[in-house]
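Worksheet for the structure shown next.
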Amino acid sequence: MYKSVVGLIRYLACLATIGLLVSCSQPTPSINVEFRIPVEVAEINKGTVESLITATGILRTAEVANVSVEVPGYIYLARDENGNRLREGDTVTVGQQIAQVTGEDARLNARIESTRLALNTAKAELDRRQDLYDKGLIAETEVRQQEVSYEDALFSYDQSRNQAGKQNITSPIEGIILKLARDTQDLPIADGMLVAPGFELARIGPVEELIADVNLIGPELGKIKVGQSARIRHYAYRDKMHAGEVTHLAPTLDPINHTFKAEILVSNPDGLLLPGMYVETFVILDQRTDVIVVPRSSITSRSGNSIVFVLDGQRTRQQQVQLGLGDDYQVQVLEGVDVGDRVVVNGLETLTDGTRVRVLGS
């Protein structure tokens with residue numbers, strides 16, 4: 001009995017060993033793995049595309065009024081409705097007082113009291129002679145001589161009144177104060193400082209509309225014209241565009257840099273733009289609306305042709321396209337694709353017709 005059990009165990013062990021050897025000798029089945037290239041896609045829609053000239057410019061006021069002191073004396077700046085001294089950036093209207101020049105120097109310069117007295121004396125003498133002439137006591141020539149003296153006195157008095165009026169300095173235009181009462185070191189001067197005739201008191205300019213002075217390269221001269229629309233953007237307000245228009249082109253080119261200056265009138269109703277700012281300018285050469293556009297990143301060149309890769313299921317289809325107007329971000333497609341097609345915009349460098357892809361983010 002014992003021998004039969006031992007024999008059975010040995011027999012089963014041999015079978016197991018033979019089965020293991022047979023299984024090890026069989027080849028491992030191969031696994032077929034297909035690699036899919038990851039890509040990003042965008043759906044084609046209709047939109048607006050433009051041809052632009054892009055440049056930088058510096059803003060300035062369209063006009064400026066330089067207000068200077070005309071009589072000597074002590075300067076005192078005007079106050080606003082809250083009693084605060086005027087300062088740069090404040091808005092002033094036509095005829096609004098900016099400052100006043102006072103003191104003995106200003107009074108003596110005007111000489112209004114002495115000229116008034118001389119005028120009254122000349123008038124009294126003229127009346128006296130006229131009365132004597134009417135009574136036949138003097139000749140007519142004496143009356144005429146006094147009339148000349150009276151006219152001279154009246155002229156001197158009017159001059160004095162004009163000089164006295166110059167002590168009260170007002171704004172000739174409406175705008176903001178760009179510069180106000182600064183010394184030779186460009187520091188604000190205090191009230192009561194002695195000033196001489198010719199001292200620049202203020203510089204005033206309107207800011208509802210500004211001018212962007214833009215230097216463009218010579219070849220662009222044939223593309224840009226007066227009247228073309230433009231847009232202006234400052235770096236501090238990246239999402240805010242201001243409407244503009246080309247209003248003037250310089251008649252000559254800079255002989256050193258081979259550039260020419262264009263002036264763009266900029267609308268500034270919100271007051272965000274200020275004179276002296278550097279801005280980006282975009283002159284619109286041409287514009288197409290409601291046309292089929294694709295991202296510029298979806299366009300590649302193959303054998304000299306413009307190509308996009310259209311998503312067709314899980315594979316891409318190489319499609320030749322005819323392009324129209326374009327800018328840095330998108331291009332008009334005249335033929336080759338339609339609204340609703342999805343094109344590859346990222347990862348198309350290694351694609352070929354029929355490549356299997358994996359759309360990222362889907």
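Every chain in the structure tokens takes a letter, A first, then B, and so on in the order presented; its residues are numbered from 1, and the ligands are numbered from 1 following the presented order.
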Contact table range 46-66 of chain A vs range 172-184 of chain A, cut-off 12 Å, shortest pair per residue, only C-alpha atoms, as JSON lines:
{"residue": "A:Arg60", "atom": "CA", "partner": "A:Leu178", "partner_atom": "CA", "distance": 10.7}
{"residue": "A:Thr61", "atom": "CA", "partner": "A:Gly175", "partner_atom": "CA", "distance": 9.7}
{"residue": "A:Ala62", "atom": "CA", "partner": "A:Gly175", "partner_atom": "CA", "distance": 11.0}
{"residue": "A:Glu63", "atom": "CA", "partner": "A:Ile173", "partner_atom": "CA", "distance": 9.8}
{"residue": "A:Val64", "atom": "CA", "partner": "A:Ile173", "partner_atom": "CA", "distance": 8.7}
{"residue": "A:Ala65", "atom": "CA", "partner": "A:Ile173", "partner_atom": "CA", "distance": 7.1}
{"residue": "A:Asn66", "atom": "CA", "partner": "A:Pro172", "partner_atom": "CA", "distance": 9.2}
- Message: With only C-alpha atoms as the counted atoms, please give the residues lying no more than 7 Å from Phe309 in chain A, apart from itself and same-chain residues fewer than 3 positions off, as a PyMOL selection string.
- Response: chain A and resi 316-319+343-344
Residues of range 83-182 of chain A in strand (DSSP E) according to DSSP, as an mmCIF file with N, CA, C and O atoms, in the first residue's frame?
data_model
loop_
_atom_site.group_PDB
_atom_site.id
_atom_site.type_symbol
_atom_site.label_atom_id
_atom_site.label_comp_id
_atom_site.auth_asym_id
_atom_site.auth_seq_id
_atom_site.Cartn_x
_atom_site.Cartn_y
_atom_site.Cartn_z
ATOM 1 N N THR A 91 -8.264 121.096 -13.834
ATOM 2 C CA THR A 91 -8.917 121.583 -15.045
ATOM 3 C C THR A 91 -9.302 123.046 -14.874
ATOM 4 O O THR A 91 -9.828 123.437 -13.823
ATOM 5 N N VAL A 92 -9.042 123.846 -15.900
ATOM 6 C CA VAL A 92 -9.412 125.263 -15.883
ATOM 7 C C VAL A 92 -10.231 125.574 -17.130
ATOM 8 O O VAL A 92 -10.146 124.876 -18.147
ATOM 9 N N GLN A 97 -9.225 132.539 -13.438
ATOM 10 C CA GLN A 97 -8.010 133.100 -12.865
ATOM 11 C C GLN A 97 -7.042 131.996 -12.461
ATOM 12 O O GLN A 97 -7.422 130.994 -11.860
ATOM 13 N N ILE A 98 -5.774 132.196 -12.839
ATOM 14 C CA ILE A 98 -4.723 131.254 -12.474
ATOM 15 C C ILE A 98 -3.867 131.809 -11.349
ATOM 16 O O ILE A 98 -3.499 131.096 -10.421
ATOM 17 N N ALA A 99 -3.563 133.091 -11.436
ATOM 18 C CA ALA A 99 -2.716 133.714 -10.414
ATOM 19 C C ALA A 99 -2.908 135.223 -10.466
ATOM 20 O O ALA A 99 -3.536 135.776 -11.375
ATOM 21 N N GLN A 100 -2.341 135.908 -9.461
ATOM 22 C CA GLN A 100 -2.370 137.359 -9.401
ATOM 23 C C GLN A 100 -0.997 137.864 -8.999
ATOM 24 O O GLN A 100 -0.341 137.286 -8.118
ATOM 25 N N VAL A 101 -0.565 138.937 -9.664
ATOM 26 C CA VAL A 101 0.696 139.582 -9.328
ATOM 27 C C VAL A 101 0.370 140.853 -8.544
ATOM 28 O O VAL A 101 -0.385 141.707 -9.019
ATOM 29 N N THR A 102 0.930 140.974 -7.348
ATOM 30 C CA THR A 102 0.648 142.123 -6.491
ATOM 31 C C THR A 102 1.952 142.786 -6.065
ATOM 32 O O THR A 102 3.040 142.345 -6.428
ATOM 33 N N ASN A 168 -3.899 140.319 -13.040
ATOM 34 C CA ASN A 168 -4.800 139.187 -12.864
ATOM 35 C C ASN A 168 -4.631 138.263 -14.062
ATOM 36 O O ASN A 168 -5.072 138.579 -15.167
ATOM 37 N N ILE A 169 -3.978 137.116 -13.859
ATOM 38 C CA ILE A 169 -3.613 136.227 -14.960
ATOM 39 C C ILE A 169 -4.670 135.134 -15.096
ATOM 40 O O ILE A 169 -4.977 134.425 -14.128
ATOM 41 N N THR A 170 -5.232 134.989 -16.306
ATOM 42 C CA THR A 170 -6.304 134.029 -16.550
ATOM 43 C C THR A 170 -5.903 133.048 -17.647
ATOM 44 O O THR A 170 -4.938 133.262 -18.382
ATOM 45 N N GLY A 175 -8.720 123.459 -20.498
ATOM 46 C CA GLY A 175 -7.854 122.279 -20.499
ATOM 47 C C GLY A 175 -7.360 121.977 -19.099
ATOM 48 O O GLY A 175 -7.916 122.461 -18.102
ATOM 49 N N ILE A 176 -6.326 121.159 -19.020
ATOM 50 C CA ILE A 176 -5.733 120.861 -17.729
ATOM 51 C C ILE A 176 -4.382 121.564 -17.627
ATOM 52 O O ILE A 176 -3.738 121.855 -18.634
ATOM 53 N N ILE A 177 -3.990 121.850 -16.398
ATOM 54 C CA ILE A 177 -2.710 122.507 -16.165
ATOM 55 C C ILE A 177 -1.608 121.457 -16.257
ATOM 56 O O ILE A 177 -1.545 120.531 -15.442
ATOM 57 N N LEU A 178 -0.771 121.583 -17.259
ATOM 58 C CA LEU A 178 0.315 120.628 -17.469
ATOM 59 C C LEU A 178 1.556 121.010 -16.658
ATOM 60 O O LEU A 178 2.309 120.140 -16.218
ATOM 61 N N LYS A 179 1.767 122.308 -16.488
ATOM 62 C CA LYS A 179 2.905 122.800 -15.721
ATOM 63 C C LYS A 179 2.476 124.085 -15.045
ATOM 64 O O LYS A 179 1.803 124.913 -15.653
ATOM 65 N N LEU A 180 2.898 124.277 -13.764
ATOM 66 C CA LEU A 180 2.433 125.446 -13.024
ATOM 67 C C LEU A 180 3.512 125.944 -12.069
ATOM 68 O O LEU A 180 3.959 125.207 -11.181
#
- Task: Record the distance separating CA of Ile299 in chain A and CA of Asp239 in chain A, expressed in Å with one decimal.
- Result: 26.7 Å
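Here CA of Ile256 in chain A and CA of Asp327 in chain A stand 29.7 Å from one another.
Residues with any atom within 6 Å of range 267-271 of chain A, counting only C-alpha atoms and excluding same-chain neighbours fewer than 4 positions away, are A:Glu208, A:Glu209, A:Ala243.
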Write the residues of the preceding selection, restricted to N, CA and C atoms, as an mmCIF file, in the first residue's frame.
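As a result, out.cif now contains:
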data_model
loop_
_atom_site.group_PDB
_atom_site.id
_atom_site.type_symbol
_atom_site.label_atom_id
_atom_site.label_comp_id
_atom_site.auth_asym_id
_atom_site.auth_seq_id
_atom_site.Cartn_x
_atom_site.Cartn_y
_atom_site.Cartn_z
ATOM 1 N N GLU A 208 -9.161 116.073 -23.953
ATOM 2 C CA GLU A 208 -10.270 115.247 -24.468
ATOM 3 C C GLU A 208 -9.848 114.513 -25.733
ATOM 4 N N GLU A 209 -8.955 115.139 -26.486
ATOM 5 C CA GLU A 209 -8.331 114.514 -27.643
ATOM 6 C C GLU A 209 -6.832 114.780 -27.583
ATOM 7 N N ALA A 243 -10.128 104.869 -29.725
ATOM 8 C CA ALA A 243 -10.277 105.091 -31.158
ATOM 9 C C ALA A 243 -9.430 106.271 -31.607
#
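Interatomic distance, CA of Pro72 in chain A against CA of Gly192 in chain A: 12.0 Å.
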- Skip range 348-359 of chain A itself and residues of its chain fewer than 4 positions away, then list as a PyMOL selection string all residues within 12 Å of it, counting only C-alpha atoms. chain A and resi 34-42+297-302+307-320+342-344
Writing out the chosen residues with N, CA, C and O atoms as a short mmCIF file (atom, residue, chain, number, x, y, z; two decimals), in the first residue's frame:
data_model
loop_
_atom_site.label_atom_id
_atom_site.label_comp_id
_atom_site.auth_asym_id
_atom_site.auth_seq_id
_atom_site.Cartn_x
_atom_site.Cartn_y
_atom_site.Cartn_z
N GLU A 34 -0.63 51.15 -30.28
CA GLU A 34 -0.61 52.25 -31.24
C GLU A 34 -0.44 53.57 -30.50
O GLU A 34 -1.25 53.92 -29.63
N PHE A 35 0.62 54.34 -30.83
CA PHE A 35 0.90 55.62 -30.16
C PHE A 35 0.06 56.71 -30.80
O PHE A 35 0.02 56.85 -32.03
N ARG A 36 -0.62 57.55 -29.98
CA ARG A 36 -1.43 58.65 -30.47
C ARG A 36 -0.78 59.96 -30.04
O ARG A 36 -0.48 60.18 -28.87
N ILE A 37 -0.57 60.86 -31.00
CA ILE A 37 0.10 62.14 -30.74
C ILE A 37 -0.86 63.11 -30.05
O ILE A 37 -1.97 63.33 -30.54
N PRO A 38 -0.46 63.68 -28.92
CA PRO A 38 -1.33 64.64 -28.23
C PRO A 38 -1.37 65.97 -28.98
O PRO A 38 -0.33 66.52 -29.36
N VAL A 39 -2.58 66.52 -29.18
CA VAL A 39 -2.73 67.78 -29.90
C VAL A 39 -3.81 68.62 -29.21
O VAL A 39 -4.62 68.12 -28.42
N GLU A 40 -3.79 69.92 -29.55
CA GLU A 40 -4.87 70.82 -29.15
C GLU A 40 -5.58 71.28 -30.42
O GLU A 40 -4.94 71.51 -31.44
N VAL A 41 -6.89 71.42 -30.34
CA VAL A 41 -7.67 71.79 -31.51
C VAL A 41 -8.55 72.99 -31.20
O VAL A 41 -8.78 73.33 -30.04
N ALA A 42 -9.00 73.67 -32.25
CA ALA A 42 -9.93 74.79 -32.14
C ALA A 42 -10.98 74.67 -33.22
O ALA A 42 -10.69 74.21 -34.33
N SER A 297 -1.72 79.93 -35.61
CA SER A 297 -0.93 78.79 -35.16
C SER A 297 -1.34 77.49 -35.81
O SER A 297 -0.64 76.48 -35.72
N SER A 298 -2.50 77.45 -36.49
CA SER A 298 -2.96 76.21 -37.15
C SER A 298 -2.41 76.08 -38.56
O SER A 298 -2.57 75.04 -39.18
N ILE A 299 -1.74 77.12 -39.06
CA ILE A 299 -1.24 77.11 -40.43
C ILE A 299 0.21 76.64 -40.45
O ILE A 299 1.05 77.10 -39.67
N THR A 300 0.50 75.70 -41.34
CA THR A 300 1.87 75.26 -41.56
C THR A 300 2.11 75.18 -43.07
O THR A 300 1.17 75.26 -43.86
N SER A 301 3.36 75.04 -43.44
CA SER A 301 3.71 74.99 -44.86
C SER A 301 4.28 73.62 -45.18
O SER A 301 5.19 73.14 -44.51
N ARG A 302 3.74 73.00 -46.20
CA ARG A 302 4.22 71.71 -46.68
C ARG A 302 4.34 71.79 -48.20
O ARG A 302 3.35 72.07 -48.89
N ILE A 307 -1.10 74.64 -45.26
CA ILE A 307 -1.77 73.41 -44.85
C ILE A 307 -2.35 73.60 -43.44
O ILE A 307 -1.76 74.24 -42.58
N VAL A 308 -3.54 73.02 -43.22
CA VAL A 308 -4.08 72.83 -41.87
C VAL A 308 -4.38 71.34 -41.70
O VAL A 308 -4.55 70.62 -42.69
N PHE A 309 -4.44 70.91 -40.45
CA PHE A 309 -4.81 69.52 -40.16
C PHE A 309 -6.18 69.52 -39.49
O PHE A 309 -6.35 70.03 -38.38
N VAL A 310 -7.15 68.97 -40.22
CA VAL A 310 -8.52 68.93 -39.75
C VAL A 310 -8.73 67.63 -38.98
O VAL A 310 -8.32 66.55 -39.43
N LEU A 311 -9.38 67.73 -37.82
CA LEU A 311 -9.66 66.54 -37.02
C LEU A 311 -10.81 65.78 -37.65
O LEU A 311 -11.90 66.31 -37.86
N ASP A 312 -10.55 64.48 -37.96
CA ASP A 312 -11.54 63.60 -38.57
C ASP A 312 -11.61 62.34 -37.73
O ASP A 312 -10.83 61.40 -37.92
N GLY A 313 -12.53 62.35 -36.76
CA GLY A 313 -12.58 61.23 -35.81
C GLY A 313 -11.38 61.31 -34.88
O GLY A 313 -11.15 62.31 -34.21
N GLN A 314 -10.60 60.20 -34.85
CA GLN A 314 -9.38 60.18 -34.05
C GLN A 314 -8.14 60.37 -34.92
O GLN A 314 -7.02 60.19 -34.44
N ARG A 315 -8.33 60.76 -36.13
CA ARG A 315 -7.20 60.97 -37.03
C ARG A 315 -7.26 62.37 -37.63
O ARG A 315 -8.30 63.05 -37.58
N THR A 316 -6.14 62.80 -38.18
CA THR A 316 -6.09 64.12 -38.82
C THR A 316 -6.08 63.97 -40.33
O THR A 316 -5.52 63.02 -40.87
N ARG A 317 -6.70 64.96 -40.96
CA ARG A 317 -6.72 65.00 -42.41
C ARG A 317 -5.97 66.25 -42.88
O ARG A 317 -6.32 67.37 -42.52
N GLN A 318 -4.92 66.05 -43.65
CA GLN A 318 -4.15 67.18 -44.17
C GLN A 318 -4.96 67.89 -45.24
O GLN A 318 -5.41 67.27 -46.19
N GLN A 319 -5.15 69.20 -45.05
CA GLN A 319 -6.01 69.96 -45.95
C GLN A 319 -5.30 71.22 -46.42
O GLN A 319 -4.86 72.04 -45.62
N GLN A 320 -5.16 71.36 -47.73
CA GLN A 320 -4.58 72.58 -48.30
C GLN A 320 -5.63 73.68 -48.26
O GLN A 320 -6.80 73.47 -48.57
N ARG A 342 -12.84 71.37 -37.03
CA ARG A 342 -11.88 71.54 -35.93
C ARG A 342 -10.48 71.30 -36.48
O ARG A 342 -10.22 70.27 -37.12
N VAL A 343 -9.58 72.26 -36.24
CA VAL A 343 -8.22 72.18 -36.75
C VAL A 343 -7.24 72.13 -35.59
O VAL A 343 -7.49 72.67 -34.51
N VAL A 344 -6.12 71.49 -35.85
CA VAL A 344 -5.07 71.37 -34.83
C VAL A 344 -4.35 72.71 -34.72
O VAL A 344 -3.94 73.30 -35.73
#
- Message: Can you pull out the residues contacting Leu272 in chain A? Cut-off 12 Å, using only C-alpha atoms, and skip same-chain residues under 3 positions away; I want them as a PyMOL selection string.
- Response: chain A and resi 59+207-210+232-237+240-242+266-269+275+277+279
Let's have the selection written as a PDB file, in the first residue's frame, with N, CA and C atoms.
ATOM      1  N   LEU A  59       2.295 110.444 -26.692  1.00  0.00           N
ATOM      2  CA  LEU A  59       1.129 111.304 -26.680  1.00  0.00           C
ATOM      3  C   LEU A  59       1.507 112.748 -26.330  1.00  0.00           C
ATOM      4  N   VAL A 207      -7.205 117.759 -23.078  1.00  0.00           N
ATOM      5  CA  VAL A 207      -6.861 116.324 -23.106  1.00  0.00           C
ATOM      6  C   VAL A 207      -8.031 115.454 -23.554  1.00  0.00           C
ATOM      7  N   GLU A 208      -9.161 116.073 -23.953  1.00  0.00           N
ATOM      8  CA  GLU A 208     -10.270 115.247 -24.468  1.00  0.00           C
ATOM      9  C   GLU A 208      -9.848 114.513 -25.733  1.00  0.00           C
ATOM     10  N   GLU A 209      -8.955 115.139 -26.486  1.00  0.00           N
ATOM     11  CA  GLU A 209      -8.331 114.514 -27.643  1.00  0.00           C
ATOM     12  C   GLU A 209      -6.832 114.780 -27.583  1.00  0.00           C
ATOM     13  N   LEU A 210      -6.044 113.756 -27.877  1.00  0.00           N
ATOM     14  CA  LEU A 210      -4.595 113.878 -27.851  1.00  0.00           C
ATOM     15  C   LEU A 210      -4.027 113.478 -29.210  1.00  0.00           C
ATOM     16  N   ILE A 232      -5.466 102.865 -30.245  1.00  0.00           N
ATOM     17  CA  ILE A 232      -4.334 103.190 -29.377  1.00  0.00           C
ATOM     18  C   ILE A 232      -4.551 102.500 -28.042  1.00  0.00           C
ATOM     19  N   ARG A 233      -3.448 101.961 -27.496  1.00  0.00           N
ATOM     20  CA  ARG A 233      -3.535 101.266 -26.207  1.00  0.00           C
ATOM     21  C   ARG A 233      -2.307 101.609 -25.382  1.00  0.00           C
ATOM     22  N   HIS A 234      -2.539 101.885 -24.097  1.00  0.00           N
ATOM     23  CA  HIS A 234      -1.422 102.097 -23.183  1.00  0.00           C
ATOM     24  C   HIS A 234      -1.169 100.815 -22.403  1.00  0.00           C
ATOM     25  N   TYR A 235       0.095 100.602 -22.048  1.00  0.00           N
ATOM     26  CA  TYR A 235       0.490  99.343 -21.398  1.00  0.00           C
ATOM     27  C   TYR A 235      -0.205  99.149 -20.051  1.00  0.00           C
ATOM     28  N   ALA A 236      -0.603 100.237 -19.403  1.00  0.00           N
ATOM     29  CA  ALA A 236      -1.273 100.117 -18.099  1.00  0.00           C
ATOM     30  C   ALA A 236      -2.713  99.638 -18.234  1.00  0.00           C
ATOM     31  N   TYR A 237      -3.299  99.784 -19.447  1.00  0.00           N
ATOM     32  CA  TYR A 237      -4.688  99.388 -19.673  1.00  0.00           C
ATOM     33  C   TYR A 237      -4.731  98.465 -20.884  1.00  0.00           C
ATOM     34  N   LYS A 240      -8.040  98.017 -22.792  1.00  0.00           N
ATOM     35  CA  LYS A 240      -8.751  99.229 -23.184  1.00  0.00           C
ATOM     36  C   LYS A 240      -8.138  99.802 -24.458  1.00  0.00           C
ATOM     37  N   MET A 241      -8.963  99.878 -25.519  1.00  0.00           N
ATOM     38  CA  MET A 241      -8.545 100.473 -26.775  1.00  0.00           C
ATOM     39  C   MET A 241      -9.215 101.832 -26.950  1.00  0.00           C
ATOM     40  N   HIS A 242      -8.459 102.814 -27.427  1.00  0.00           N
ATOM     41  CA  HIS A 242      -8.991 104.137 -27.712  1.00  0.00           C
ATOM     42  C   HIS A 242      -9.010 104.339 -29.227  1.00  0.00           C
ATOM     43  N   VAL A 266      -6.298 110.987 -31.119  1.00  0.00           N
ATOM     44  CA  VAL A 266      -6.797 109.946 -30.218  1.00  0.00           C
ATOM     45  C   VAL A 266      -7.943 110.500 -29.384  1.00  0.00           C
ATOM     46  N   SER A 267      -9.063 109.807 -29.378  1.00  0.00           N
ATOM     47  CA  SER A 267     -10.179 110.184 -28.506  1.00  0.00           C
ATOM     48  C   SER A 267      -9.880 109.719 -27.081  1.00  0.00           C
ATOM     49  N   ASN A 268     -10.079 110.621 -26.111  1.00  0.00           N
ATOM     50  CA  ASN A 268      -9.724 110.326 -24.719  1.00  0.00           C
ATOM     51  C   ASN A 268     -10.843 110.787 -23.775  1.00  0.00           C
ATOM     52  N   PRO A 269     -12.080 110.287 -23.977  1.00  0.00           N
ATOM     53  CA  PRO A 269     -13.208 110.779 -23.171  1.00  0.00           C
ATOM     54  C   PRO A 269     -13.117 110.424 -21.707  1.00  0.00           C
ATOM     55  N   PRO A 275      -0.691 113.260 -21.593  1.00  0.00           N
ATOM     56  CA  PRO A 275       0.444 113.683 -22.420  1.00  0.00           C
ATOM     57  C   PRO A 275       1.753 113.122 -21.884  1.00  0.00           C
ATOM     58  N   MET A 277       2.741 109.952 -22.398  1.00  0.00           N
ATOM     59  CA  MET A 277       2.678 108.493 -22.325  1.00  0.00           C
ATOM     60  C   MET A 277       3.203 107.859 -23.610  1.00  0.00           C
ATOM     61  N   VAL A 279       2.635 104.800 -26.063  1.00  0.00           N
ATOM     62  CA  VAL A 279       1.464 103.984 -26.371  1.00  0.00           C
ATOM     63  C   VAL A 279       1.740 103.092 -27.575  1.00  0.00           C
TER      64      VAL A 279
END
- Task: Would you list the contacts of range 246-250 of chain A as JSON, numbers by chain, taking every protein, DNA or RNA residue within 12 Å and counting only C-alpha atoms, but skipping same-chain residues closer than 4 positions in sequence?
- Result: {"A": [53, 62, 210, 211, 212, 213, 214, 215, 216, 218, 220, 221, 222, 223, 224, 225, 226, 227, 228, 229, 230, 231, 232, 254, 259, 260, 261, 262, 263, 264, 265, 266, 267, 281, 282, 283, 284, 285]}
- Item | DSSP helix (DSSP H, G or I) residues within range 131-195 of chain A, listed as an MDAnalysis selection string | chainID A and resid 131:134 140:165
